[in-house]
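Working notes, structure below.
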Amino acid sequence: MLKTLTLSDFTPLIGSTFQIQDQLEVPLQLELREAKKLNDLSARLDNRSESFSLLFLGPDDVVLPQRIYGLHHSHLGDLSLFLVPVARREDGICYEAVFN
């Protein structure tokens, strides 16, 4: 059975690295920079799981298109996340994954 990931699974991993497992020309790592709860009234009313977002930072020389990527983390193992590039900053490209 697939475990439902929660915000508390990711919060202690802020600052750690996730390796993209997809076949890219160059191996790519993303750093988890932020994990935050989203204000989702409908989820609370329906008693569904919490909504949250993750913000990753990748290198500034590659911009990944939005799609599902296979990632690996030493603590979580392998997982698939839909990543969307959301900002270009001086220190790299930001990607967001939303769970709701």
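Numbering starts fresh at 1 for the residues of each chain in the structure tokens, the chains themselves are lettered A, B, ... in the order given, and ligands are numbered from 1 as they appear.
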Name the residues in contact with segment 25-33 of chain A at a cut-off of 8 Å, using only C-alpha atoms, excluding same-chain residues fewer than 6 positions from it; report them as a count of residues only. 13
Taking only C-alpha atoms into account, name the residue in A:Ser74, A:Asn39, A:Gln23, A:Ser80 that is nearest to Phe52 of chain A.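 Of all the options, A:Asn39 lies closest to Phe52 of chain A.
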Near-Leu24 of chain A list (12 Å; only C-alpha atoms; drop same-chain fewer than 5 positions) as a PDB file with all heavy atoms, in the first residue's frame:
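Everything below was put into around_22.pdb:
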ATOM      1  N   GLN A  19      17.591  13.771  -5.560  1.00  0.00           N
ATOM      2  CA  GLN A  19      18.219  13.465  -6.845  1.00  0.00           C
ATOM      3  C   GLN A  19      17.136  13.135  -7.863  1.00  0.00           C
ATOM      4  O   GLN A  19      16.282  12.285  -7.596  1.00  0.00           O
ATOM      5  CB  GLN A  19      19.156  12.263  -6.694  1.00  0.00           C
ATOM      6  CG  GLN A  19      19.804  11.792  -7.976  1.00  0.00           C
ATOM      7  CD  GLN A  19      20.899  12.736  -8.449  1.00  0.00           C
ATOM      8  OE1 GLN A  19      21.670  13.244  -7.657  1.00  0.00           O
ATOM      9  NE2 GLN A  19      20.950  12.964  -9.750  1.00  0.00           N
ATOM     10  N   GLN A  29      20.274  17.650  -9.102  1.00  0.00           N
ATOM     11  CA  GLN A  29      19.817  17.593  -7.724  1.00  0.00           C
ATOM     12  C   GLN A  29      19.033  18.856  -7.409  1.00  0.00           C
ATOM     13  O   GLN A  29      19.365  19.940  -7.892  1.00  0.00           O
ATOM     14  CB  GLN A  29      20.998  17.472  -6.760  1.00  0.00           C
ATOM     15  CG  GLN A  29      21.763  16.183  -6.931  1.00  0.00           C
ATOM     16  CD  GLN A  29      22.879  16.056  -5.904  1.00  0.00           C
ATOM     17  OE1 GLN A  29      23.239  17.000  -5.235  1.00  0.00           O
ATOM     18  NE2 GLN A  29      23.407  14.858  -5.784  1.00  0.00           N
ATOM     19  N   VAL A  62      19.784  25.090 -15.973  1.00  0.00           N
ATOM     20  CA  VAL A  62      18.816  24.154 -16.558  1.00  0.00           C
ATOM     21  C   VAL A  62      17.435  24.514 -16.020  1.00  0.00           C
ATOM     22  O   VAL A  62      17.264  24.676 -14.826  1.00  0.00           O
ATOM     23  CB  VAL A  62      19.138  22.698 -16.145  1.00  0.00           C
ATOM     24  CG1 VAL A  62      18.078  21.736 -16.658  1.00  0.00           C
ATOM     25  CG2 VAL A  62      20.507  22.285 -16.615  1.00  0.00           C
ATOM     26  N   VAL A  63      16.465  24.646 -16.926  1.00  0.00           N
ATOM     27  CA  VAL A  63      15.080  24.854 -16.503  1.00  0.00           C
ATOM     28  C   VAL A  63      14.278  23.630 -16.934  1.00  0.00           C
ATOM     29  O   VAL A  63      14.144  23.365 -18.134  1.00  0.00           O
ATOM     30  CB  VAL A  63      14.456  26.127 -17.112  1.00  0.00           C
ATOM     31  CG1 VAL A  63      13.017  26.283 -16.657  1.00  0.00           C
ATOM     32  CG2 VAL A  63      15.275  27.351 -16.760  1.00  0.00           C
ATOM     33  N   LEU A  64      13.802  22.884 -15.967  1.00  0.00           N
ATOM     34  CA  LEU A  64      13.019  21.689 -16.263  1.00  0.00           C
ATOM     35  C   LEU A  64      11.583  22.093 -16.603  1.00  0.00           C
ATOM     36  O   LEU A  64      11.005  22.948 -15.939  1.00  0.00           O
ATOM     37  CB  LEU A  64      12.993  20.766 -15.050  1.00  0.00           C
ATOM     38  CG  LEU A  64      14.334  20.237 -14.562  1.00  0.00           C
ATOM     39  CD1 LEU A  64      14.169  19.492 -13.248  1.00  0.00           C
ATOM     40  CD2 LEU A  64      14.962  19.338 -15.618  1.00  0.00           C
ATOM     41  N   TYR A  69       8.313  14.021 -12.220  1.00  0.00           N
ATOM     42  CA  TYR A  69       9.699  13.565 -12.184  1.00  0.00           C
ATOM     43  C   TYR A  69       9.859  12.499 -11.108  1.00  0.00           C
ATOM     44  O   TYR A  69       9.262  12.590 -10.039  1.00  0.00           O
ATOM     45  CB  TYR A  69      10.658  14.728 -11.871  1.00  0.00           C
ATOM     46  CG  TYR A  69      10.778  15.711 -13.002  1.00  0.00           C
ATOM     47  CD1 TYR A  69       9.951  16.819 -13.075  1.00  0.00           C
ATOM     48  CD2 TYR A  69      11.710  15.516 -14.016  1.00  0.00           C
ATOM     49  CE1 TYR A  69      10.047  17.720 -14.127  1.00  0.00           C
ATOM     50  CE2 TYR A  69      11.806  16.411 -15.071  1.00  0.00           C
ATOM     51  CZ  TYR A  69      10.972  17.505 -15.116  1.00  0.00           C
ATOM     52  OH  TYR A  69      11.078  18.380 -16.172  1.00  0.00           O
ATOM     53  N   GLY A  70      10.686  11.518 -11.416  1.00  0.00           N
ATOM     54  CA  GLY A  70      11.076  10.543 -10.408  1.00  0.00           C
ATOM     55  C   GLY A  70      12.208  11.132  -9.589  1.00  0.00           C
ATOM     56  O   GLY A  70      13.201  11.603 -10.146  1.00  0.00           O
TER      57      GLY A  70
END
How would you write, as a list in words, the set of residues in chain A that DSSP gives as helix (DSSP H, G or I)?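 Secondary structure check on chain A, helix (DSSP H, G or I): Leu7, Ser8, Asp9, Phe10, Thr11, Pro12, Leu13, Leu41, Ser42, Ala43, Arg44 and Leu45 of chain A.
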Which residue, A:Thr6, A:Asp61, A:Leu81, A:Gln66, has the smallest gap to Ala97 of chain A when you use only C-alpha atoms? A:Leu81
DSSP-assigned strand (DSSP E) among segment 6-81 of chain A, expressed as a PyMOL selection string: chain A and resi 17-20+29-37+52-58+67-73+77-81
From the options A:Lys36, A:His72, A:Asp60, A:Phe99, which residue's atoms come nearest to Ala87 of chain A, counting only C-alpha atoms?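 Ranked by minimum distance to Ala87 of chain A, first place goes to A:Asp60.
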Between A:Ser53, A:His75, A:Asp9, A:Lys37, which is the closest to Tyr95 of chain A once you count only C-alpha atoms? A:Ser53
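Coordinates place atom CA of Gly77 of chain A at a distance of 14.8 Å from atom CA of Pro12 of chain A.
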What does the structure give for the distance between atom CA of Ala35 of chain A and atom CA of Thr11 of chain A, in Å to one decimal?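 Calculated distance between atom CA of Ala35 of chain A and atom CA of Thr11 of chain A is 5.8 Å.
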